[in-house]
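One file, target.cif, is given below (mmCIF, C-alpha atoms).
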```
data_start
loop_
_atom_site.label_atom_id
_atom_site.label_comp_id
_atom_site.auth_asym_id
_atom_site.auth_seq_id
_atom_site.Cartn_x
_atom_site.Cartn_y
_atom_site.Cartn_z
CA MET A 178 16.03 -52.07 -240.50
CA GLY A 179 14.98 -52.09 -236.86
CA ALA A 180 11.54 -53.22 -235.78
CA LEU A 181 10.86 -49.72 -234.44
CA ASP A 182 12.44 -47.61 -237.19
CA GLY A 183 10.72 -44.24 -237.44
CA ARG A 184 9.09 -44.53 -234.02
CA VAL A 185 9.58 -42.03 -231.21
CA ALA A 186 9.71 -43.13 -227.58
CA ILE A 187 9.76 -41.31 -224.26
CA ILE A 188 11.24 -43.16 -221.30
CA THR A 189 10.86 -41.49 -217.91
CA GLY A 190 13.46 -42.06 -215.22
CA ALA A 191 15.82 -43.16 -217.98
CA GLY A 192 19.06 -41.80 -216.59
CA ARG A 193 19.99 -44.94 -214.68
CA GLY A 194 19.11 -48.56 -214.04
CA ILE A 195 16.15 -50.16 -215.79
CA GLY A 196 15.07 -46.96 -217.52
CA ARG A 197 18.51 -46.54 -219.06
CA GLU A 198 18.37 -50.08 -220.42
CA HIS A 199 14.90 -49.48 -221.89
CA ALA A 200 16.18 -46.37 -223.66
CA ILE A 201 19.18 -48.17 -225.12
CA ALA A 202 17.16 -51.22 -226.17
CA LEU A 203 14.45 -49.16 -227.88
CA ALA A 204 17.13 -47.10 -229.64
CA GLN A 205 18.83 -50.27 -230.85
CA ALA A 206 15.46 -51.36 -232.27
CA GLY A 207 15.39 -48.13 -234.29
CA ALA A 208 13.34 -45.74 -232.17
CA LYS A 209 14.28 -42.12 -231.55
CA ILE A 210 14.44 -41.53 -227.82
CA VAL A 211 13.53 -38.79 -225.36
CA VAL A 212 15.57 -39.61 -222.26
CA ASN A 213 13.63 -38.07 -219.39
CA ASP A 214 15.28 -37.92 -215.98
CA LEU A 215 15.05 -35.34 -213.22
CA GLY A 216 18.46 -36.39 -211.92
CA ALA A 217 17.17 -36.65 -208.37
CA SER A 218 18.43 -38.82 -205.55
CA LEU A 219 16.83 -42.16 -204.74
CA ALA A 220 14.57 -40.33 -202.28
CA GLY A 221 13.54 -37.83 -204.96
CA GLU A 222 15.68 -34.95 -203.71
CA GLY A 223 17.69 -32.57 -205.89
CA THR A 224 18.04 -32.38 -209.66
CA GLY A 225 20.79 -32.86 -212.20
CA THR A 226 21.15 -33.13 -215.97
CA GLY A 227 24.10 -35.51 -215.96
CA PRO A 228 22.33 -38.90 -216.00
CA ALA A 229 19.99 -38.09 -218.91
CA HIS A 230 22.74 -36.54 -221.02
CA GLY A 231 24.98 -39.51 -220.32
CA VAL A 232 22.41 -41.91 -221.74
CA VAL A 233 21.91 -39.66 -224.78
CA ARG A 234 25.64 -39.84 -225.46
CA GLU A 235 25.56 -43.64 -225.17
CA ILE A 236 22.73 -43.86 -227.69
CA GLU A 237 24.41 -41.46 -230.09
CA THR A 238 27.69 -43.37 -229.84
CA ARG A 239 25.80 -46.46 -231.00
CA GLY A 240 24.37 -44.59 -233.98
CA GLY A 241 20.96 -43.71 -232.54
CA GLU A 242 19.09 -40.45 -232.06
CA ALA A 243 18.15 -39.12 -228.64
CA VAL A 244 17.51 -35.97 -226.69
CA ALA A 245 17.68 -35.34 -222.94
CA ASP A 246 14.78 -33.95 -220.94
CA GLY A 247 14.70 -32.91 -217.29
CA GLU A 248 10.98 -32.36 -216.64
CA ASN A 249 9.38 -33.56 -213.42
CA VAL A 250 6.76 -36.10 -214.56
CA ALA A 251 4.77 -35.62 -211.34
CA ASP A 252 4.17 -32.00 -212.37
CA PHE A 253 1.12 -31.84 -214.65
CA ALA A 254 2.41 -28.92 -216.73
CA GLY A 255 5.90 -30.40 -216.83
CA ALA A 256 4.51 -33.68 -218.15
CA LYS A 257 2.73 -31.76 -220.90
CA ARG A 258 6.01 -30.07 -221.84
CA LEU A 259 7.66 -33.51 -221.99
CA ILE A 260 5.08 -34.83 -224.45
CA ASP A 261 5.28 -31.65 -226.51
CA ARG A 262 9.08 -31.87 -226.52
CA ALA A 263 9.01 -35.29 -228.17
CA ILE A 264 6.56 -34.12 -230.83
CA SER A 265 8.35 -30.85 -231.55
CA THR A 266 11.78 -32.50 -231.67
CA PHE A 267 11.00 -35.65 -233.66
CA GLY A 268 7.62 -34.86 -235.22
CA ARG A 269 5.61 -37.58 -233.50
CA LEU A 270 5.16 -39.76 -230.42
CA ASP A 271 4.54 -43.50 -230.53
CA ILE A 272 5.75 -45.03 -227.26
CA LEU A 273 5.60 -43.84 -223.66
CA VAL A 274 7.44 -45.89 -221.04
CA ASN A 275 6.55 -44.68 -217.54
CA ASN A 276 9.47 -45.75 -215.37
CA ALA A 277 10.38 -42.86 -213.03
CA GLY A 278 10.12 -43.52 -209.31
CA ILE A 279 11.58 -42.93 -205.87
CA LEU A 280 11.88 -44.92 -202.67
CA ARG A 281 11.26 -43.98 -199.03
CA ASP A 282 10.86 -47.30 -197.25
CA ARG A 283 9.40 -47.33 -193.77
CA MET A 284 7.19 -49.60 -191.69
CA LEU A 285 3.58 -48.42 -191.43
CA VAL A 286 3.81 -47.44 -187.76
CA ASN A 287 6.86 -45.26 -188.45
CA MET A 288 5.91 -43.70 -191.81
CA ASP A 289 5.18 -40.00 -191.80
CA GLU A 290 2.77 -38.15 -194.07
CA HIS A 291 5.46 -36.67 -196.31
CA GLU A 292 7.07 -40.07 -196.94
CA TRP A 293 3.69 -41.39 -198.04
CA ASP A 294 2.76 -38.38 -200.18
CA ALA A 295 6.11 -38.10 -201.96
CA VAL A 296 6.18 -41.73 -203.11
CA ILE A 297 2.52 -41.77 -204.16
CA GLU A 298 2.98 -38.54 -206.11
CA VAL A 299 6.05 -39.57 -208.08
CA HIS A 300 4.81 -43.05 -208.95
CA LEU A 301 1.07 -42.56 -209.43
CA LYS A 302 0.85 -38.97 -210.62
CA GLY A 303 4.12 -39.53 -212.49
CA HIS A 304 2.32 -42.23 -214.48
CA PHE A 305 -0.97 -40.36 -214.82
CA ALA A 306 0.32 -36.99 -216.02
CA PRO A 307 2.47 -38.08 -219.01
CA THR A 308 -0.10 -40.69 -220.02
CA ARG A 309 -2.93 -38.16 -219.83
CA HIS A 310 -1.18 -35.76 -222.21
CA ALA A 311 0.05 -38.49 -224.57
CA ALA A 312 -3.44 -40.01 -224.69
CA ALA A 313 -4.99 -36.65 -225.59
CA HIS A 314 -2.50 -36.33 -228.44
CA TRP A 315 -3.26 -39.81 -229.77
CA ARG A 316 -7.01 -39.32 -229.45
CA GLU A 317 -6.74 -36.12 -231.47
CA ARG A 318 -4.77 -37.93 -234.17
CA SER A 319 -7.27 -40.81 -234.21
CA LYS A 320 -10.26 -38.48 -234.53
CA ALA A 321 -8.47 -36.70 -237.38
CA GLY A 322 -8.41 -40.00 -239.29
CA ASP A 323 -4.86 -41.14 -238.58
CA GLN A 324 -4.28 -44.84 -237.94
CA VAL A 325 -2.68 -44.68 -234.51
CA VAL A 326 -0.39 -47.49 -233.36
CA ALA A 327 0.81 -46.31 -229.97
CA ARG A 328 2.08 -47.83 -226.75
CA VAL A 329 2.06 -47.05 -223.05
CA ILE A 330 4.20 -49.34 -220.89
CA ASN A 331 3.94 -48.75 -217.15
CA THR A 332 6.20 -49.90 -214.35
CA SER A 333 4.76 -51.76 -211.38
CA SER A 334 6.90 -53.92 -209.07
CA PRO A 335 6.91 -57.29 -207.31
CA SER A 336 6.21 -55.19 -204.22
CA GLY A 337 3.02 -53.93 -205.87
CA VAL A 338 1.72 -57.20 -207.28
CA PHE A 339 2.86 -59.51 -204.45
CA GLY A 340 3.29 -57.18 -201.47
CA ASN A 341 6.45 -56.56 -199.45
CA VAL A 342 6.88 -55.69 -195.78
CA GLY A 343 8.40 -52.24 -195.21
CA GLN A 344 7.29 -50.82 -198.56
CA LEU A 345 3.72 -49.75 -197.86
CA ASN A 346 3.91 -46.46 -199.77
CA TYR A 347 5.92 -47.86 -202.67
CA GLY A 348 3.93 -51.10 -202.92
CA THR A 349 0.61 -49.26 -202.74
CA ALA A 350 1.68 -46.94 -205.55
CA LYS A 351 2.88 -49.87 -207.65
CA ALA A 352 -0.38 -51.75 -207.06
CA GLY A 353 -2.25 -48.61 -208.09
CA ILE A 354 -0.27 -48.59 -211.34
CA VAL A 355 -1.72 -52.03 -212.15
CA GLY A 356 -5.25 -50.67 -211.71
CA PHE A 357 -4.30 -47.63 -213.77
CA THR A 358 -3.04 -49.94 -216.51
CA LEU A 359 -6.21 -52.04 -216.64
CA ILE A 360 -8.52 -49.05 -216.92
CA ALA A 361 -6.36 -47.02 -219.31
CA ALA A 362 -6.08 -50.09 -221.57
CA GLN A 363 -9.87 -50.28 -221.81
CA GLU A 364 -10.28 -46.55 -222.40
CA LEU A 365 -7.54 -46.10 -225.00
CA GLN A 366 -7.93 -49.27 -227.08
CA ARG A 367 -10.46 -47.51 -229.33
CA TYR A 368 -7.78 -45.00 -230.34
CA GLY A 369 -5.17 -47.61 -231.28
CA VAL A 370 -3.25 -47.36 -228.01
CA THR A 371 -2.22 -50.40 -225.98
CA VAL A 372 -1.40 -50.09 -222.28
CA ASN A 373 0.58 -52.75 -220.45
CA ALA A 374 2.74 -52.92 -217.33
CA ILE A 375 5.86 -54.70 -216.22
CA ALA A 376 6.88 -55.77 -212.71
CA PRO A 377 10.67 -55.87 -213.13
CA THR A 378 13.34 -57.38 -210.93
CA ALA A 379 16.92 -56.10 -211.18
CA ARG A 380 19.97 -54.82 -209.40
CA THR A 381 19.33 -51.07 -209.16
CA ARG A 382 19.66 -48.22 -206.68
CA MET A 383 16.19 -49.11 -205.40
CA THR A 384 16.80 -52.81 -204.82
CA GLU A 385 20.17 -52.20 -203.21
CA ALA A 386 18.55 -49.72 -200.83
CA ALA A 387 15.87 -52.28 -199.98
CA PHE A 388 17.90 -55.48 -199.90
CA GLY A 389 21.54 -54.43 -199.62
CA GLU A 390 24.34 -54.97 -202.11
CA ILE A 391 23.49 -57.62 -204.69
CA PRO A 392 26.69 -59.08 -206.16
CA SER A 393 27.06 -60.10 -209.78
CA PRO A 394 27.86 -63.76 -210.46
CA GLU A 395 31.47 -64.47 -211.33
CA ASP A 396 30.36 -66.32 -214.44
CA GLY A 397 27.17 -67.38 -216.19
CA PHE A 398 23.92 -65.53 -216.65
CA ASP A 399 23.28 -62.58 -214.35
CA ALA A 400 19.57 -62.80 -213.51
CA ALA A 401 19.69 -59.42 -211.73
CA GLU A 402 21.04 -57.47 -214.71
CA PRO A 403 18.67 -54.52 -215.42
CA ALA A 404 18.81 -55.15 -219.19
CA ASN A 405 16.86 -58.40 -218.70
CA ASN A 406 13.71 -56.30 -218.30
CA SER A 407 13.90 -54.51 -221.64
CA PRO A 408 13.12 -57.23 -224.24
CA ILE A 409 9.44 -57.30 -223.22
CA VAL A 410 9.28 -53.51 -223.59
CA VAL A 411 10.66 -53.72 -227.13
CA ALA A 412 8.38 -56.65 -227.98
CA LEU A 413 5.24 -54.90 -226.71
CA SER A 414 6.20 -51.82 -228.74
CA ALA A 415 6.19 -53.71 -232.05
CA ASP A 416 3.30 -53.51 -234.52
CA GLU A 417 2.64 -57.22 -234.06
CA ALA A 418 1.70 -56.59 -230.39
CA GLN A 419 -1.25 -54.35 -231.29
CA ASP A 420 -3.78 -56.77 -229.81
CA ILE A 421 -1.95 -57.29 -226.47
CA THR A 422 -3.17 -54.80 -223.89
CA GLY A 423 -4.09 -54.52 -220.23
CA GLN A 424 -1.51 -57.12 -219.15
CA VAL A 425 1.10 -57.19 -216.38
CA PHE A 426 4.40 -59.02 -216.94
CA PHE A 427 6.61 -60.11 -214.03
CA ILE A 428 10.26 -60.41 -215.07
CA TYR A 429 13.18 -62.12 -213.36
CA GLY A 430 16.25 -62.95 -215.44
CA GLY A 431 14.99 -65.04 -218.35
CA VAL A 432 11.52 -65.46 -216.81
CA VAL A 433 8.62 -63.44 -218.22
CA ASN A 434 5.36 -64.37 -216.50
CA MET A 435 2.11 -62.78 -217.68
CA LEU A 436 0.35 -62.47 -214.34
CA SER A 437 -3.32 -63.16 -213.67
CA GLY A 438 -4.87 -60.58 -211.39
CA TRP A 439 -7.93 -60.77 -209.20
CA GLN A 440 -9.98 -63.80 -210.18
CA ALA A 441 -13.04 -65.48 -208.73
CA GLY A 442 -11.99 -67.52 -205.70
CA GLU A 443 -13.69 -69.10 -202.68
CA LEU A 444 -17.39 -68.33 -203.04
CA PHE A 445 -19.79 -67.82 -200.14
CA ALA A 446 -23.28 -67.53 -201.59
CA ARG A 447 -26.89 -67.98 -200.54
CA GLY A 448 -30.27 -66.78 -201.78
CA GLU A 449 -30.69 -64.16 -199.06
CA ARG A 450 -28.66 -61.75 -196.93
CA TRP A 451 -26.11 -63.46 -194.71
CA ASP A 452 -26.45 -63.43 -190.95
CA PRO A 453 -23.02 -62.33 -189.61
CA ASP A 454 -22.71 -65.26 -187.21
CA GLU A 455 -23.60 -67.75 -189.92
CA LEU A 456 -21.17 -66.15 -192.34
CA LEU A 457 -18.40 -66.24 -189.74
CA HIS A 458 -19.14 -69.92 -189.12
CA GLU A 459 -18.89 -70.58 -192.86
CA LEU A 460 -15.62 -68.65 -193.06
CA ARG A 461 -14.11 -70.69 -190.22
CA ASP A 462 -15.44 -73.94 -191.70
CA ARG A 463 -13.93 -73.27 -195.11
CA LEU A 464 -10.73 -71.69 -193.81
CA PRO A 465 -9.74 -73.77 -190.77
CA ALA A 466 -6.13 -72.59 -190.98
CA GLY A 467 -7.10 -68.97 -191.70
CA ALA A 468 -6.02 -66.97 -194.74
CA ALA A 469 -3.14 -64.53 -195.22
CA PRO A 470 -1.01 -63.14 -198.06
CA PRO A 471 1.87 -65.50 -198.93
CA GLY A 472 4.36 -62.61 -199.13
CA MET A 473 6.69 -61.49 -201.88
CA LEU A 474 9.27 -64.27 -201.61
CA ALA A 475 6.78 -67.14 -202.01
CA SER A 476 4.90 -65.31 -204.74
CA MET A 477 8.04 -64.57 -206.73
CA HIS A 478 9.07 -68.22 -206.54
CA GLN A 479 5.65 -69.25 -207.78
CA ALA A 480 5.96 -66.82 -210.70
CA GLY A 481 9.33 -68.29 -211.68
CA GLY A 482 11.71 -65.85 -210.01
CA GLN A 483 13.25 -65.35 -206.61
CA SER A 484 13.74 -62.62 -204.05
CA MET A 485 16.58 -60.15 -204.45
CA ARG A 486 17.55 -61.15 -200.92
CA GLU A 487 18.72 -64.52 -202.19
#
```
When written as structure tokens, how does the structure in this file appear?
Amino acid sequence: MGALDGRVAIITGAGRGIGREHAIALAQAGAKIVVNDLGASLAGEGTGTGPAHGVVREIETRGGEAVADGENVADFAGAKRLIDRAISTFGRLDILVNNAGILRDRMLVNMDEHEWDAVIEVHLKGHFAPTRHAAAHWRERSKAGDQVVARVINTSSPSGVFGNVGQLNYGTAKAGIVGFTLIAAQELQRYGVTVNAIAPTARTRMTEAAFGEIPSPEDGFDAAEPANNSPIVVALSADEAQDITGQVFFIYGGVVNMLSGWQAGELFARGERWDPDELLHELRDRLPAGAAPPGMLASMHQAGGQSMRE
């Protein structure tokens, strides 16, 4: 018996890469899977049913149950159809893994409006819309007296939690997903729904576009293998994880680091309104070397991983 026997999971962007591994891992744990993938290019262009159907065949070959879905998760009505598809096909919905995304990297001074809008829409609205409809379903069940044990697992990125030059649109969207996770966790806990996020690191179409080809090691553990990111998804989906919510997990190889977000830091306080000149003097006195973000590489090292450039 699998830990997730009888559960139904939707994974968006599950036709390739990390999403594919999530779908296979959840199926191996016993869940029935809706493999959602638009089949678009890395930049979000075009459609195709091949990737989603390929993953369904893999799951079925291993003895699992799955169905392919090609809805655009950034379309509000399409996201509703996706949620309804899971319920009509398998009779219920227990797990939603928001993973779909695109990439259009550009430096700020060169980024055009469409490159910004497209990435923000797919990542942020593509998380909001499925979650909104799934949450409404679970709230309805909870108010009807059902004991709901449901999961939302979102996908941020090291670019979103640490920052990365050249990925302003992508990193901003991924940072927004962290805020989305924190608030949704607080709102949905009363209905039996936990909401967490992962910041995965892996060799995928996205990382190869950003960092170039990332070779596999000739022997030993491959820290960049996409499947390394799926154990935390399966673990958070289990009944025993019902009291873990509103957390963000950075993953690199065998490292899983539960990140701490904004916390109280250097405090500048007085019993009256600051004079700007006095406050500036205090800032310079406390920060003689200035202050700046450490960047993604240093932050990933501190969290126990490393940059995909290495």
Expand the PyMOL selection byres ((chain A and resi 293-295) around 12) into the explicit residue set it covers here, and present it as JSON, numbers by chain. {"A": [219, 220, 221, 222, 251, 278, 279, 280, 281, 282, 283, 284, 285, 286, 287, 288, 289, 290, 291, 292, 296, 297, 298, 299, 300, 301, 302, 303, 344, 345, 346, 347, 348, 349, 350]}
For a test of reading the model, state the distance in Å between CA of Ala180 (chain A) and CA of Leu259 (chain A), rounded to one decimal.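 Interatomic distance here is 24.4 Å.
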In Å to one decimal, how far is CA of Asp420 (chain A) from CA of Ala306 (chain A)?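 If I compute the distance from CA of Ala306 (chain A) to CA of Asp420 (chain A), I get 24.5 Å.
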Please compute the CA of Pro408 (chain A)-CA of Ile421 (chain A) distance, one decimal, in Å.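 Computing the Euclidean distance for CA of Pro408 (chain A) and CA of Ile421 (chain A) yields 15.2 Å.
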What are the nearest atom pairs, with distances in Å to one decimal, for all residues of region 332-364 of chain A that come at most 9 Å from region 424-432 of chain A, using only C-alpha atoms, set out by chain and rising residue number as JSON lines?
```
{"residue": "A:Ser333", "atom": "CA", "partner": "A:Val425", "partner_atom": "CA", "distance": 8.2}
{"residue": "A:Ser334", "atom": "CA", "partner": "A:Phe427", "partner_atom": "CA", "distance": 7.9}
{"residue": "A:Pro335", "atom": "CA", "partner": "A:Phe427", "partner_atom": "CA", "distance": 7.3}
{"residue": "A:Val338", "atom": "CA", "partner": "A:Phe427", "partner_atom": "CA", "distance": 8.8}
{"residue": "A:Val355", "atom": "CA", "partner": "A:Val425", "partner_atom": "CA", "distance": 7.2}
{"residue": "A:Thr358", "atom": "CA", "partner": "A:Gln424", "partner_atom": "CA", "distance": 7.8}
{"residue": "A:Leu359", "atom": "CA", "partner": "A:Gln424", "partner_atom": "CA", "distance": 7.4}
{"residue": "A:Ala362", "atom": "CA", "partner": "A:Gln424", "partner_atom": "CA", "distance": 8.7}
```
Could you name the residues that touch Pro307 (chain A) at 10 Å or less, counting only C-alpha atoms, but leaving out those on the same chain fewer than 3 positions away, as a tab-separated table (two decimals) with C-alpha atoms, in the frame of the given file?
```
chain	number	residue	atom	x	y	z
A	187	ILE	CA	9.76	-41.31	-224.26
A	189	THR	CA	10.86	-41.49	-217.91
A	249	ASN	CA	9.38	-33.56	-213.42
A	250	VAL	CA	6.76	-36.10	-214.56
A	251	ALA	CA	4.77	-35.62	-211.34
A	252	ASP	CA	4.17	-32.00	-212.37
A	253	PHE	CA	1.12	-31.84	-214.65
A	254	ALA	CA	2.41	-28.92	-216.73
A	255	GLY	CA	5.90	-30.40	-216.83
A	256	ALA	CA	4.51	-33.68	-218.15
A	257	LYS	CA	2.73	-31.76	-220.90
A	258	ARG	CA	6.01	-30.07	-221.84
A	259	LEU	CA	7.66	-33.51	-221.99
A	260	ILE	CA	5.08	-34.83	-224.45
A	273	LEU	CA	5.60	-43.84	-223.66
A	274	VAL	CA	7.44	-45.89	-221.04
A	275	ASN	CA	6.55	-44.68	-217.54
A	302	LYS	CA	0.85	-38.97	-210.62
A	303	GLY	CA	4.12	-39.53	-212.49
A	304	HIS	CA	2.32	-42.23	-214.48
A	310	HIS	CA	-1.18	-35.76	-222.21
A	311	ALA	CA	0.05	-38.49	-224.57
A	312	ALA	CA	-3.44	-40.01	-224.69
A	329	VAL	CA	2.06	-47.05	-223.05
```
Fix up region 420-438 of chain A with N, CA and C atoms, then write it as a PDB file, in the frame of the given file.
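The file below, selection18.pdb, is the result:
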```pdb
ATOM      1  N   ASP A 420      -2.603 -56.207-230.473  1.00  0.00           N
ATOM      2  CA  ASP A 420      -3.780 -56.770-229.810  1.00  0.00           C
ATOM      3  C   ASP A 420      -3.461 -57.297-228.397  1.00  0.00           C
ATOM      4  N   ILE A 421      -2.307 -56.907-227.837  1.00  0.00           N
ATOM      5  CA  ILE A 421      -1.950 -57.290-226.470  1.00  0.00           C
ATOM      6  C   ILE A 421      -2.025 -56.050-225.599  1.00  0.00           C
ATOM      7  N   THR A 422      -2.992 -55.996-224.719  1.00  0.00           N
ATOM      8  CA  THR A 422      -3.170 -54.800-223.890  1.00  0.00           C
ATOM      9  C   THR A 422      -3.782 -55.165-222.548  1.00  0.00           C
ATOM     10  N   GLY A 423      -3.543 -54.308-221.569  1.00  0.00           N
ATOM     11  CA  GLY A 423      -4.090 -54.520-220.230  1.00  0.00           C
ATOM     12  C   GLY A 423      -3.457 -55.664-219.478  1.00  0.00           C
ATOM     13  N   GLN A 424      -2.192 -55.984-219.786  1.00  0.00           N
ATOM     14  CA  GLN A 424      -1.510 -57.120-219.150  1.00  0.00           C
ATOM     15  C   GLN A 424      -0.374 -56.628-218.258  1.00  0.00           C
ATOM     16  N   VAL A 425       0.005 -57.482-217.300  1.00  0.00           N
ATOM     17  CA  VAL A 425       1.100 -57.190-216.380  1.00  0.00           C
ATOM     18  C   VAL A 425       2.102 -58.337-216.461  1.00  0.00           C
ATOM     19  N   PHE A 426       3.351 -58.014-216.735  1.00  0.00           N
ATOM     20  CA  PHE A 426       4.400 -59.020-216.940  1.00  0.00           C
ATOM     21  C   PHE A 426       5.436 -58.930-215.816  1.00  0.00           C
ATOM     22  N   PHE A 427       5.555 -60.002-215.038  1.00  0.00           N
ATOM     23  CA  PHE A 427       6.610 -60.110-214.030  1.00  0.00           C
ATOM     24  C   PHE A 427       7.865 -60.631-214.724  1.00  0.00           C
ATOM     25  N   ILE A 428       9.002 -60.016-214.424  1.00  0.00           N
ATOM     26  CA  ILE A 428      10.260 -60.410-215.070  1.00  0.00           C
ATOM     27  C   ILE A 428      11.313 -60.699-214.021  1.00  0.00           C
ATOM     28  N   TYR A 429      11.997 -61.820-214.176  1.00  0.00           N
ATOM     29  CA  TYR A 429      13.180 -62.120-213.360  1.00  0.00           C
ATOM     30  C   TYR A 429      14.149 -62.887-214.243  1.00  0.00           C
ATOM     31  N   GLY A 430      15.270 -62.275-214.588  1.00  0.00           N
ATOM     32  CA  GLY A 430      16.250 -62.950-215.440  1.00  0.00           C
ATOM     33  C   GLY A 430      15.635 -63.283-216.783  1.00  0.00           C
ATOM     34  N   GLY A 431      15.595 -64.571-217.102  1.00  0.00           N
ATOM     35  CA  GLY A 431      14.990 -65.040-218.350  1.00  0.00           C
ATOM     36  C   GLY A 431      13.527 -65.402-218.219  1.00  0.00           C
ATOM     37  N   VAL A 432      12.931 -65.142-217.055  1.00  0.00           N
ATOM     38  CA  VAL A 432      11.520 -65.460-216.810  1.00  0.00           C
ATOM     39  C   VAL A 432      10.657 -64.242-217.142  1.00  0.00           C
ATOM     40  N   VAL A 433       9.650 -64.451-217.973  1.00  0.00           N
ATOM     41  CA  VAL A 433       8.620 -63.440-218.220  1.00  0.00           C
ATOM     42  C   VAL A 433       7.288 -64.125-217.967  1.00  0.00           C
ATOM     43  N   ASN A 434       6.618 -63.733-216.887  1.00  0.00           N
ATOM     44  CA  ASN A 434       5.360 -64.370-216.500  1.00  0.00           C
ATOM     45  C   ASN A 434       4.234 -63.360-216.629  1.00  0.00           C
ATOM     46  N   MET A 435       3.272 -63.644-217.535  1.00  0.00           N
ATOM     47  CA  MET A 435       2.110 -62.780-217.680  1.00  0.00           C
ATOM     48  C   MET A 435       1.154 -63.103-216.540  1.00  0.00           C
ATOM     49  N   LEU A 436       1.072 -62.206-215.571  1.00  0.00           N
ATOM     50  CA  LEU A 436       0.350 -62.470-214.340  1.00  0.00           C
ATOM     51  C   LEU A 436      -1.159 -62.439-214.545  1.00  0.00           C
ATOM     52  N   SER A 437      -1.867 -63.220-213.738  1.00  0.00           N
ATOM     53  CA  SER A 437      -3.320 -63.160-213.670  1.00  0.00           C
ATOM     54  C   SER A 437      -3.689 -62.413-212.398  1.00  0.00           C
ATOM     55  N   GLY A 438      -4.523 -61.406-212.533  1.00  0.00           N
ATOM     56  CA  GLY A 438      -4.870 -60.580-211.390  1.00  0.00           C
ATOM     57  C   GLY A 438      -6.012 -61.163-210.591  1.00  0.00           C
TER      58      GLY A 438
END
```
